[in-house]
Amino acid sequence: MNAPVVVTNLSKTFYDEGRGEIKAVDSINFECQEGEIFGLLGANGAGKTTTLRMLSTILAPTSGSASLMGHDVVKNPEGVRKNLGFYSATTALYPRLTTRETIEFFARINQYPAERVPERVDYLIRRFGLEKYADARIEKLSSGMKQKVSIARTVAHDPAILIFDEPTVGLDVLNALDVQEMISELRTDGKTIIFSTHIMSEAERLCDRIAIIHDGHILACASLAKLREVTGEHYLEDIFVLYVKTASVGGPAGSEEAAKRCTETIRDERLRMQAREGAVSNETVGPTPNDAI
Amino acid sequence: MVLNWKDVRVLYLREIRSALRDRTIVTNSVLLPIFLYPMLIWLVYTGVTFISGQNEELKSRIMLKDLPAAHARLQKAFEADKSVILTTSANPAEDIRTGKLDAAVEFLPAKAGIGIPNNFETHVTYDESRDQSDHARSRINKKLSDYRQEFLQQQATKLGISKTRLENFKVDDKNVSTNRQVGVFMIALPIFFIIMLAVGAMHPAIDSTAGERENSTWETMMTAASSRTSILVAKYLYVATMSFTAAFLNLFAMMISMGTVLAPMIETGRGNSSLQIPLKAAPVILIGAALLALFVAAGMMILASFARNYKEGQSMVGPFYVALIIPIMFLQTPGLAFTPRLALVPVANVMMMMREAIQGIYHWPLIGITVAVEAACVVLALRLAILIVRHEDFLLGRYNGSFGKFAKERLLGR
């Protein structure tokens, strides 16, 4: 049986008046399995959002293919969207609808069986703890509550696949943890989740497998344990930096030689930074690999 | 791109619900049509009433010249009137011109007539360019008319005949005109109607396109399972509905306010002129309005969808709004005929068709041309919209330019 999400040689090229042709995504391949959270980890501008937009049929691929639950994103975009819940910072809610109306509306237009919509709306309101705000307009809700309603509307039609593009951006720690908890629960429900982030701790905590994306290429795609094993680094931050550095020094992504060279560079930088910081304050915690870069 | 009417219904109802909760849209598409023009009419009426009230309070300086002694009662009637000051003048015409006197009444012996003793003719001198003088003339006329009736009654009694026989003939006016004659006021209705169609469509068109981009709800819709055709059709029908509703609310409000406020003003002394739209005109008005609403909605949505926020949307739709209004402003002449050539001009043709229908005139061939032209405009606008929507960067709001630039680069390929 095919995986719920299959991406094959997917590419997207934009034309920019100033910069000319830009390859935002370059021949990427991956698959996502049922009941897993697949993390797409990359810096800003790495190509995460473009990839997810192609998967959600907002953008058409320049070449390659992708299918969700067997529906091709180009040939059957409506079939794809019916099986997909897409959440990103650019998918806001209608401010003048209430929470209940919002969930109901998205359930209906995403083809959830009409007769079961009221029951589904009640269930989601209870599940996301929105009872108090069920009849309040979205414009009156706090950012955290809006985020909850956004997730509720993403799963309103009970799709098999969910895409979360940086869902915790702009949230405080407690709300961000709430969102992570909700996403984790959705995995328990058997959903296939693609989770994009540039926050390493989130990816570490949530993802079953992680793809590191940089400059439109996938540099590595494996479980956290496997990535640790290959790179010899413990923290995802270090692993990420290692791969990105490797790519930027020209070595083949994930190759032993390139990784070694990259690790040495990072350690040298660390030592220099620690010496400098130590002169200023004894309480300063050593810089992270990101700081070194 | 499959059109699913069930989805269209859900999306359409969502648009309407949101719109009715938006202050700007409710104000422009509902409250303004109901209250603005009726209120303006009321203000004008109040202003006119106030000015005429001011005139009523002014005393008229009147000179009576050569009044026969037998008619001293007439003089007494003038003297008893507190709004009249009887005065004299050596040169009444000059004094009236310079404002020292308001009117002069000269009594002359009656020419050949039915031989009533002491009968007379009057010659009233006044200055029509001065309200006060004109008002003095009205007072004199009323006074003379009342006295004439009394005098005729007395003479008839003396002669033992009825007053009617003695009166010889009298002129009584009765307005038997149709709406064609009171059309000066009815002409205004189609103009207000079209302005309101445009005002009613403007904010919903911007809100459902540029507004969605600004609020980041556009992308949410683009990831919904409904086809994009369904989404766009629902938005289009919503904007057309708001446009149509605004125009009809305005029409009804105008009919009511004209009937209660304006009718007494224009019917003074006439009686039965009507300010109602004939029922027979309703289908013509409805068809014209529906086609025009669809055209205006398409035009405004196309332009507004190039904007990335509400403000940009307003500036992009503004010229289209003006382009709609200017031609109809030139067509306000009461005697202007609805010709086949005029029937070919979009928007203006609907206005002329409605104007004639309100007056009870139906030129069916011209109505046919008008409907065909407007339908063609709607089809053209929709074809254009489909061509534009095919471009991915436009659909996602990444296209950075106006409709003009887009048309030049993408549609004309220059």
# chains A, B, ... in the order shown; residues from 1 in each chain; ligands from 1

$ closest_atom_pairs --of "chain B" --to "chain A" --cutoff "12 Å" --atoms "only C-alpha atoms" --output "Markdown table"
| residue | atom | partner | partner_atom | distance |
| --- | --- | --- | --- | --- |
| B:Met1 | CA | A:Glu78 | CA | 8.9 |
| B:Val2 | CA | A:Glu78 | CA | 9.2 |
| B:Leu3 | CA | A:Glu78 | CA | 11.5 |
| B:Asn4 | CA | A:Ile109 | CA | 10.2 |
| B:Trp5 | CA | A:Ile109 | CA | 11.1 |
| B:Lys6 | CA | A:Ile109 | CA | 8.8 |
| B:Asp7 | CA | A:Ile109 | CA | 5.9 |
| B:Val8 | CA | A:Ile109 | CA | 8.9 |
| B:Arg9 | CA | A:Ile109 | CA | 9.8 |
| B:Val10 | CA | A:Ile109 | CA | 7.0 |
| B:Leu11 | CA | A:Ile109 | CA | 7.5 |
| B:Tyr12 | CA | A:Phe105 | CA | 10.9 |
| B:Leu13 | CA | A:Phe105 | CA | 9.6 |
| B:Arg14 | CA | A:Phe105 | CA | 7.5 |
| B:Glu15 | CA | A:Tyr94 | CA | 9.8 |
| B:Ile16 | CA | A:Arg96 | CA | 10.9 |
| B:Arg17 | CA | A:Leu97 | CA | 7.9 |
| B:Ser18 | CA | A:Arg96 | CA | 5.5 |
| B:Ala19 | CA | A:Arg96 | CA | 8.4 |
| B:Leu20 | CA | A:Arg96 | CA | 9.3 |
| B:Arg21 | CA | A:Arg96 | CA | 6.4 |
| B:Asp22 | CA | A:Arg96 | CA | 7.5 |
| B:Arg23 | CA | A:Arg96 | CA | 10.7 |
| B:Asp207 | CA | A:Tyr94 | CA | 11.5 |
| B:Ser208 | CA | A:Tyr94 | CA | 11.1 |
| B:Gly211 | CA | A:Tyr94 | CA | 10.6 |
| B:Glu212 | CA | A:Tyr94 | CA | 8.6 |
| B:Arg213 | CA | A:Thr90 | CA | 9.3 |
| B:Glu214 | CA | A:Ala92 | CA | 10.0 |
| B:Asn215 | CA | A:Ala92 | CA | 6.8 |
| B:Ser216 | CA | A:Ala92 | CA | 5.1 |
| B:Thr217 | CA | A:Ala92 | CA | 4.9 |
| B:Trp218 | CA | A:Thr91 | CA | 7.4 |
| B:Glu219 | CA | A:Thr91 | CA | 5.4 |
| B:Thr220 | CA | A:Thr91 | CA | 4.4 |
| B:Met221 | CA | A:Thr91 | CA | 8.1 |
| B:Met222 | CA | A:Ile58 | CA | 6.3 |
| B:Thr223 | CA | A:Arg81 | CA | 6.2 |
| B:Ala224 | CA | A:Asn110 | CA | 5.8 |
| B:Ala225 | CA | A:Asn110 | CA | 4.6 |
| B:Ser226 | CA | A:Ile109 | CA | 5.7 |
| B:Ser227 | CA | A:Glu78 | CA | 6.4 |
| B:Arg228 | CA | A:Glu78 | CA | 9.1 |
| B:Thr229 | CA | A:Glu78 | CA | 11.3 |
| B:Ser230 | CA | A:Ile109 | CA | 10.0 |
| B:Ile231 | CA | A:Ile109 | CA | 9.6 |
| B:Ala234 | CA | A:Ile109 | CA | 12.0 |
| B:Arg390 | CA | A:Ala60 | CA | 11.5 |
| B:His391 | CA | A:Leu59 | CA | 10.7 |
| B:Glu392 | CA | A:Leu59 | CA | 7.1 |
| B:Asp393 | CA | A:Leu59 | CA | 8.9 |
| B:Phe394 | CA | A:Leu59 | CA | 11.4 |
| B:Leu395 | CA | A:Ile58 | CA | 9.0 |
| B:Leu396 | CA | A:Ile58 | CA | 7.7 |
| B:Gly397 | CA | A:Ile58 | CA | 11.5 |
| B:Arg398 | CA | A:Asp16 | CA | 10.8 |
| B:Tyr399 | CA | A:Asp16 | CA | 10.7 |
| B:Asn400 | CA | A:Glu17 | CA | 10.5 |

$ write_last_selection --atoms "C-alpha atoms" --output "PDB file, in the first residue's frame"
ATOM      1  CA  MET B   1     -12.684  23.439 -12.123  1.00  0.00           C
ATOM      2  CA  VAL B   2     -16.036  21.983 -11.074  1.00  0.00           C
ATOM      3  CA  LEU B   3     -18.849  24.189  -9.921  1.00  0.00           C
ATOM      4  CA  ASN B   4     -20.669  22.754  -6.931  1.00  0.00           C
ATOM      5  CA  TRP B   5     -23.835  24.703  -6.101  1.00  0.00           C
ATOM      6  CA  LYS B   6     -24.023  23.250  -2.585  1.00  0.00           C
ATOM      7  CA  ASP B   7     -20.595  24.706  -1.862  1.00  0.00           C
ATOM      8  CA  VAL B   8     -21.566  27.958  -3.549  1.00  0.00           C
ATOM      9  CA  ARG B   9     -24.519  28.201  -1.175  1.00  0.00           C
ATOM     10  CA  VAL B  10     -22.387  27.605   1.930  1.00  0.00           C
ATOM     11  CA  LEU B  11     -19.736  30.064   0.759  1.00  0.00           C
ATOM     12  CA  TYR B  12     -22.328  32.649  -0.272  1.00  0.00           C
ATOM     13  CA  LEU B  13     -24.080  32.499   3.098  1.00  0.00           C
ATOM     14  CA  ARG B  14     -20.725  32.893   4.843  1.00  0.00           C
ATOM     15  CA  GLU B  15     -19.984  36.003   2.805  1.00  0.00           C
ATOM     16  CA  ILE B  16     -23.392  37.518   3.530  1.00  0.00           C
ATOM     17  CA  ARG B  17     -23.142  36.712   7.247  1.00  0.00           C
ATOM     18  CA  SER B  18     -19.710  38.324   7.500  1.00  0.00           C
ATOM     19  CA  ALA B  19     -20.843  41.327   5.485  1.00  0.00           C
ATOM     20  CA  LEU B  20     -23.849  41.979   7.682  1.00  0.00           C
ATOM     21  CA  ARG B  21     -21.508  42.081  10.679  1.00  0.00           C
ATOM     22  CA  ASP B  22     -19.186  44.593   9.063  1.00  0.00           C
ATOM     23  CA  ARG B  23     -19.860  48.209   9.933  1.00  0.00           C
ATOM     24  CA  ASP B 207     -13.725  43.136   1.212  1.00  0.00           C
ATOM     25  CA  SER B 208     -14.075  39.811  -0.592  1.00  0.00           C
ATOM     26  CA  GLY B 211      -9.769  42.468   2.253  1.00  0.00           C
ATOM     27  CA  GLU B 212      -9.278  38.698   2.311  1.00  0.00           C
ATOM     28  CA  ARG B 213      -5.648  39.121   1.298  1.00  0.00           C
ATOM     29  CA  GLU B 214      -5.113  41.702   4.004  1.00  0.00           C
ATOM     30  CA  ASN B 215      -6.690  39.434   6.637  1.00  0.00           C
ATOM     31  CA  SER B 216      -4.802  36.354   5.317  1.00  0.00           C
ATOM     32  CA  THR B 217      -8.051  34.470   4.832  1.00  0.00           C
ATOM     33  CA  TRP B 218      -7.513  34.186   1.073  1.00  0.00           C
ATOM     34  CA  GLU B 219      -5.001  31.364   1.461  1.00  0.00           C
ATOM     35  CA  THR B 220      -7.280  29.597   3.937  1.00  0.00           C
ATOM     36  CA  MET B 221      -9.917  29.488   1.217  1.00  0.00           C
ATOM     37  CA  MET B 222      -7.442  28.375  -1.410  1.00  0.00           C
ATOM     38  CA  THR B 223      -6.709  25.250   0.657  1.00  0.00           C
ATOM     39  CA  ALA B 224     -10.380  24.366   1.100  1.00  0.00           C
ATOM     40  CA  ALA B 225     -11.744  21.346  -0.727  1.00  0.00           C
ATOM     41  CA  SER B 226     -14.313  23.416  -2.616  1.00  0.00           C
ATOM     42  CA  SER B 227     -13.324  24.158  -6.175  1.00  0.00           C
ATOM     43  CA  ARG B 228     -11.934  27.596  -6.823  1.00  0.00           C
ATOM     44  CA  THR B 229     -14.720  28.133  -9.339  1.00  0.00           C
ATOM     45  CA  SER B 230     -17.261  27.625  -6.559  1.00  0.00           C
ATOM     46  CA  ILE B 231     -15.404  30.033  -4.294  1.00  0.00           C
ATOM     47  CA  ALA B 234     -20.015  32.592  -4.464  1.00  0.00           C
ATOM     48  CA  ARG B 390      -5.616  31.310 -14.321  1.00  0.00           C
ATOM     49  CA  HIS B 391      -2.416  33.086 -13.346  1.00  0.00           C
ATOM     50  CA  GLU B 392      -0.996  31.564 -10.185  1.00  0.00           C
ATOM     51  CA  ASP B 393       0.799  34.658  -8.935  1.00  0.00           C
ATOM     52  CA  PHE B 394      -2.406  36.649  -9.264  1.00  0.00           C
ATOM     53  CA  LEU B 395      -4.428  34.047  -7.421  1.00  0.00           C
ATOM     54  CA  LEU B 396      -1.954  34.025  -4.546  1.00  0.00           C
ATOM     55  CA  GLY B 397      -1.672  37.786  -4.361  1.00  0.00           C
ATOM     56  CA  ARG B 398       1.973  37.797  -5.387  1.00  0.00           C
ATOM     57  CA  TYR B 399       1.413  39.776  -8.565  1.00  0.00           C
ATOM     58  CA  ASN B 400       2.735  43.236  -7.942  1.00  0.00           C
TER      59      ASN B 400
END

$ select_by_dssp --residues "stretch 8-220 of chain A" --states "strand (DSSP E)" --output "VMD selection string"
chain A and resid 8 to 16 20 to 32 37 to 41 63 to 68 71 to 72 84 to 88 161 to 165 192 to 197 209 to 214 217 to 220

$ write_last_selection --atoms "C-alpha atoms" --output "JSON list (two decimals), in the first residue's frame"
[["chain", "number", "residue", "atom", "x", "y", "z"],
["A", 8, "THR", "CA", 8.90, 12.54, -6.09],
["A", 9, "ASN", "CA", 11.44, 14.93, -7.64],
["A", 10, "LEU", "CA", 9.28, 17.88, -6.70],
["A", 11, "SER", "CA", 10.62, 21.24, -7.88],
["A", 12, "LYS", "CA", 9.40, 24.80, -7.94],
["A", 13, "THR", "CA", 11.00, 27.66, -9.81],
["A", 14, "PHE", "CA", 9.93, 31.29, -9.47],
["A", 15, "TYR", "CA", 10.86, 34.20, -11.62],
["A", 16, "ASP", "CA", 11.79, 37.35, -9.75],
["A", 20, "GLY", "CA", 15.86, 36.26, -12.13],
["A", 21, "GLU", "CA", 15.03, 32.59, -11.89],
["A", 22, "ILE", "CA", 14.94, 31.17, -8.36],
["A", 23, "LYS", "CA", 14.80, 27.46, -7.63],
["A", 24, "ALA", "CA", 12.88, 27.50, -4.35],
["A", 25, "VAL", "CA", 12.56, 23.72, -4.24],
["A", 26, "ASP", "CA", 14.88, 21.45, -6.18],
["A", 27, "SER", "CA", 13.98, 17.82, -6.86],
["A", 28, "ILE", "CA", 13.00, 16.76, -3.38],
["A", 29, "ASN", "CA", 11.81, 13.27, -2.48],
["A", 30, "PHE", "CA", 10.18, 11.95, 0.67],
["A", 31, "GLU", "CA", 7.31, 9.86, 1.93],
["A", 32, "CYS", "CA", 5.21, 10.19, 5.08],
["A", 37, "ILE", "CA", 4.78, 13.35, 12.46],
["A", 38, "PHE", "CA", 7.16, 14.19, 9.69],
["A", 39, "GLY", "CA", 9.22, 17.27, 10.44],
["A", 40, "LEU", "CA", 10.45, 19.64, 7.81],
["A", 41, "LEU", "CA", 13.28, 21.51, 9.43],
["A", 63, "SER", "CA", 8.28, 19.60, -12.23],
["A", 64, "GLY", "CA", 8.02, 16.33, -10.35],
["A", 65, "SER", "CA", 4.97, 15.01, -8.62],
["A", 66, "ALA", "CA", 3.31, 14.64, -5.26],
["A", 67, "SER", "CA", 0.33, 12.67, -4.17],
["A", 68, "LEU", "CA", -1.72, 12.71, -0.99],
["A", 71, "HIS", "CA", -4.57, 12.00, -5.32],
["A", 72, "ASP", "CA", -2.10, 13.85, -7.50],
["A", 84, "LEU", "CA", -5.86, 17.55, 3.81],
["A", 85, "GLY", "CA", -5.99, 20.06, 6.62],
["A", 86, "PHE", "CA", -3.57, 22.91, 6.01],
["A", 87, "TYR", "CA", -2.47, 25.29, 8.70],
["A", 88, "SER", "CA", 0.04, 28.12, 8.36],
["A", 161, "ILE", "CA", -3.28, 14.29, 6.41],
["A", 162, "LEU", "CA", -2.46, 17.46, 8.28],
["A", 163, "ILE", "CA", 0.12, 20.08, 7.42],
["A", 164, "PHE", "CA", 1.26, 22.51, 10.08],
["A", 165, "ASP", "CA", 3.54, 25.22, 8.78],
["A", 192, "THR", "CA", -0.31, 11.74, 9.05],
["A", 193, "ILE", "CA", 1.23, 15.06, 10.01],
["A", 194, "ILE", "CA", 3.77, 17.16, 8.19],
["A", 195, "PHE", "CA", 5.19, 19.66, 10.59],
["A", 196, "SER", "CA", 7.40, 22.47, 9.47],
["A", 197, "THR", "CA", 9.44, 24.52, 11.88],
["A", 209, "ARG", "CA", 11.24, 11.60, 11.32],
["A", 210, "ILE", "CA", 12.93, 14.81, 10.30],
["A", 211, "ALA", "CA", 13.91, 16.13, 6.91],
["A", 212, "ILE", "CA", 16.50, 18.88, 6.96],
["A", 213, "ILE", "CA", 15.87, 21.22, 4.10],
["A", 214, "HIS", "CA", 18.29, 23.87, 2.92],
["A", 217, "HIS", "CA", 17.33, 20.56, -1.17],
["A", 218, "ILE", "CA", 16.64, 17.88, 1.41],
["A", 219, "LEU", "CA", 20.01, 17.28, 3.08],
["A", 220, "ALA", "CA", 18.90, 14.47, 5.35]]

$ atom_distance --atom1 "atom CA of B:Ile206" --atom2 "atom CA of B:Met301"
6.8 Å

$ residues_around --residues "B:Glu312" --least-positions-apart "4" --cutoff "10 Å" --atoms "only C-alpha atoms" --output "list in words"
Ile206, Ala210, Gly211, Ala304, Ser305, Phe306, Ala307, Arg308, Met316, Val317, Gly318 and Ser402 of chain B

$ write_last_selection --atoms "N, CA and C atoms" --output "mmCIF file, in the first residue's frame"
data_model
loop_
_atom_site.group_PDB
_atom_site.id
_atom_site.type_symbol
_atom_site.label_atom_id
_atom_site.label_comp_id
_atom_site.auth_asym_id
_atom_site.auth_seq_id
_atom_site.Cartn_x
_atom_site.Cartn_y
_atom_site.Cartn_z
ATOM 1 N N ILE B 206 -14.332 44.917 -2.531
ATOM 2 C CA ILE B 206 -12.984 45.076 -1.964
ATOM 3 C C ILE B 206 -12.797 44.095 -0.804
ATOM 4 N N ALA B 210 -9.398 42.064 -1.907
ATOM 5 C CA ALA B 210 -8.244 42.675 -1.227
ATOM 6 C C ALA B 210 -8.343 42.499 0.286
ATOM 7 N N GLY B 211 -9.559 42.613 0.810
ATOM 8 C CA GLY B 211 -9.769 42.468 2.253
ATOM 9 C C GLY B 211 -9.346 41.087 2.734
ATOM 10 N N ALA B 304 -10.449 45.209 -7.852
ATOM 11 C CA ALA B 304 -10.067 45.106 -6.429
ATOM 12 C C ALA B 304 -9.163 43.913 -6.161
ATOM 13 N N SER B 305 -9.280 42.885 -7.002
ATOM 14 C CA SER B 305 -8.490 41.681 -6.715
ATOM 15 C C SER B 305 -7.003 41.880 -7.020
ATOM 16 N N PHE B 306 -6.650 42.988 -7.631
ATOM 17 C CA PHE B 306 -5.229 43.279 -7.840
ATOM 18 C C PHE B 306 -4.604 43.958 -6.618
ATOM 19 N N ALA B 307 -5.459 44.368 -5.702
ATOM 20 C CA ALA B 307 -4.950 45.078 -4.523
ATOM 21 C C ALA B 307 -4.538 44.089 -3.442
ATOM 22 N N ARG B 308 -3.566 44.506 -2.628
ATOM 23 C CA ARG B 308 -3.121 43.625 -1.556
ATOM 24 C C ARG B 308 -3.734 44.005 -0.212
ATOM 25 N N MET B 316 -8.072 51.399 -6.380
ATOM 26 C CA MET B 316 -8.180 50.733 -7.678
ATOM 27 C C MET B 316 -9.614 50.728 -8.203
ATOM 28 N N VAL B 317 -10.568 50.658 -7.292
ATOM 29 C CA VAL B 317 -11.976 50.614 -7.710
ATOM 30 C C VAL B 317 -12.514 52.031 -7.984
ATOM 31 N N GLY B 318 -11.918 53.016 -7.344
ATOM 32 C CA GLY B 318 -12.381 54.405 -7.477
ATOM 33 C C GLY B 318 -12.621 54.863 -8.912
ATOM 34 N N SER B 402 -0.949 46.740 -11.204
ATOM 35 C CA SER B 402 -2.372 47.043 -11.348
ATOM 36 C C SER B 402 -2.971 46.198 -12.461
#

$ select_by_dssp --residues "stretch 120-252 of chain A" --states "alpha helix (DSSP H)" --output "PyMOL selection string"
chain A and resi 120-127+143-154+173-188+200-206+224-231+236-248

$ write_last_selection --atoms "C-alpha atoms" --output "tab-separated table (two decimals), in the first residue's frame"
chain	number	residue	atom	x	y	z
A	120	ARG	CA	-18.49	17.14	14.68
A	121	VAL	CA	-18.60	20.83	15.63
A	122	ASP	CA	-19.70	20.01	19.18
A	123	TYR	CA	-16.99	17.37	19.46
A	124	LEU	CA	-14.22	19.73	18.33
A	125	ILE	CA	-15.41	22.49	20.61
A	126	ARG	CA	-15.22	20.11	23.54
A	127	ARG	CA	-11.94	18.54	22.46
A	143	SER	CA	-3.92	34.84	20.02
A	144	GLY	CA	-3.78	31.54	21.86
A	145	MET	CA	-7.50	30.93	21.49
A	146	LYS	CA	-7.36	31.89	17.82
A	147	GLN	CA	-4.62	29.33	17.35
A	148	LYS	CA	-6.77	26.66	18.96
A	149	VAL	CA	-9.72	27.56	16.73
A	150	SER	CA	-7.37	27.50	13.74
A	151	ILE	CA	-6.32	23.99	14.55
A	152	ALA	CA	-9.95	23.01	15.12
A	153	ARG	CA	-10.88	24.37	11.69
A	154	THR	CA	-7.89	22.54	10.15
A	173	VAL	CA	5.66	29.38	25.64
A	174	LEU	CA	2.49	28.09	27.28
A	175	ASN	CA	0.37	28.47	24.19
A	176	ALA	CA	3.12	26.95	22.05
A	177	LEU	CA	3.20	23.93	24.37
A	178	ASP	CA	-0.58	23.67	24.10
A	179	VAL	CA	-0.35	23.59	20.33
A	180	GLN	CA	2.39	20.95	20.44
A	181	GLU	CA	0.24	18.88	22.75
A	182	MET	CA	-2.69	19.10	20.33
A	183	ILE	CA	-0.54	18.05	17.39
A	184	SER	CA	0.78	15.14	19.39
A	185	GLU	CA	-2.78	14.04	20.19
A	186	LEU	CA	-3.66	14.18	16.51
A	187	ARG	CA	-0.85	11.72	15.81
A	188	THR	CA	-2.42	9.41	18.38
A	200	MET	CA	14.73	22.76	16.96
A	201	SER	CA	13.25	21.88	20.35
A	202	GLU	CA	9.80	21.53	18.79
A	203	ALA	CA	11.06	19.19	16.12
A	204	GLU	CA	12.98	17.18	18.72
A	205	ARG	CA	9.93	16.83	20.91
A	206	LEU	CA	7.35	16.06	18.24
A	224	LEU	CA	16.27	11.76	15.32
A	225	ALA	CA	18.04	8.66	16.60
A	226	LYS	CA	19.38	7.89	13.16
A	227	LEU	CA	20.53	11.46	12.63
A	228	ARG	CA	22.36	11.35	15.97
A	229	GLU	CA	23.98	8.11	15.00
A	230	VAL	CA	25.16	9.39	11.63
A	231	THR	CA	26.46	12.74	12.81
A	236	LEU	CA	19.18	18.57	16.86
A	237	GLU	CA	20.57	22.08	16.64
A	238	ASP	CA	24.07	20.67	16.23
A	239	ILE	CA	22.87	18.14	13.72
A	240	PHE	CA	21.06	20.78	11.73
A	241	VAL	CA	24.05	23.12	11.72
A	242	LEU	CA	26.31	20.30	10.73
A	243	TYR	CA	24.24	19.48	7.69
A	244	VAL	CA	23.79	23.07	6.65
A	245	LYS	CA	27.52	23.77	7.08
A	246	THR	CA	28.33	20.64	5.15
A	247	ALA	CA	26.13	21.75	2.32
A	248	SER	CA	27.67	25.23	2.32

$ residues_around --residues "stretch 189-199 of chain B" --least-positions-apart "6" --cutoff "7 Å" --atoms "only C-alpha atoms" --output "ChimeraX atom specification"
/B:28-29,33,243-244,246-247,250-251,293,296,321,325,328,351,354-355
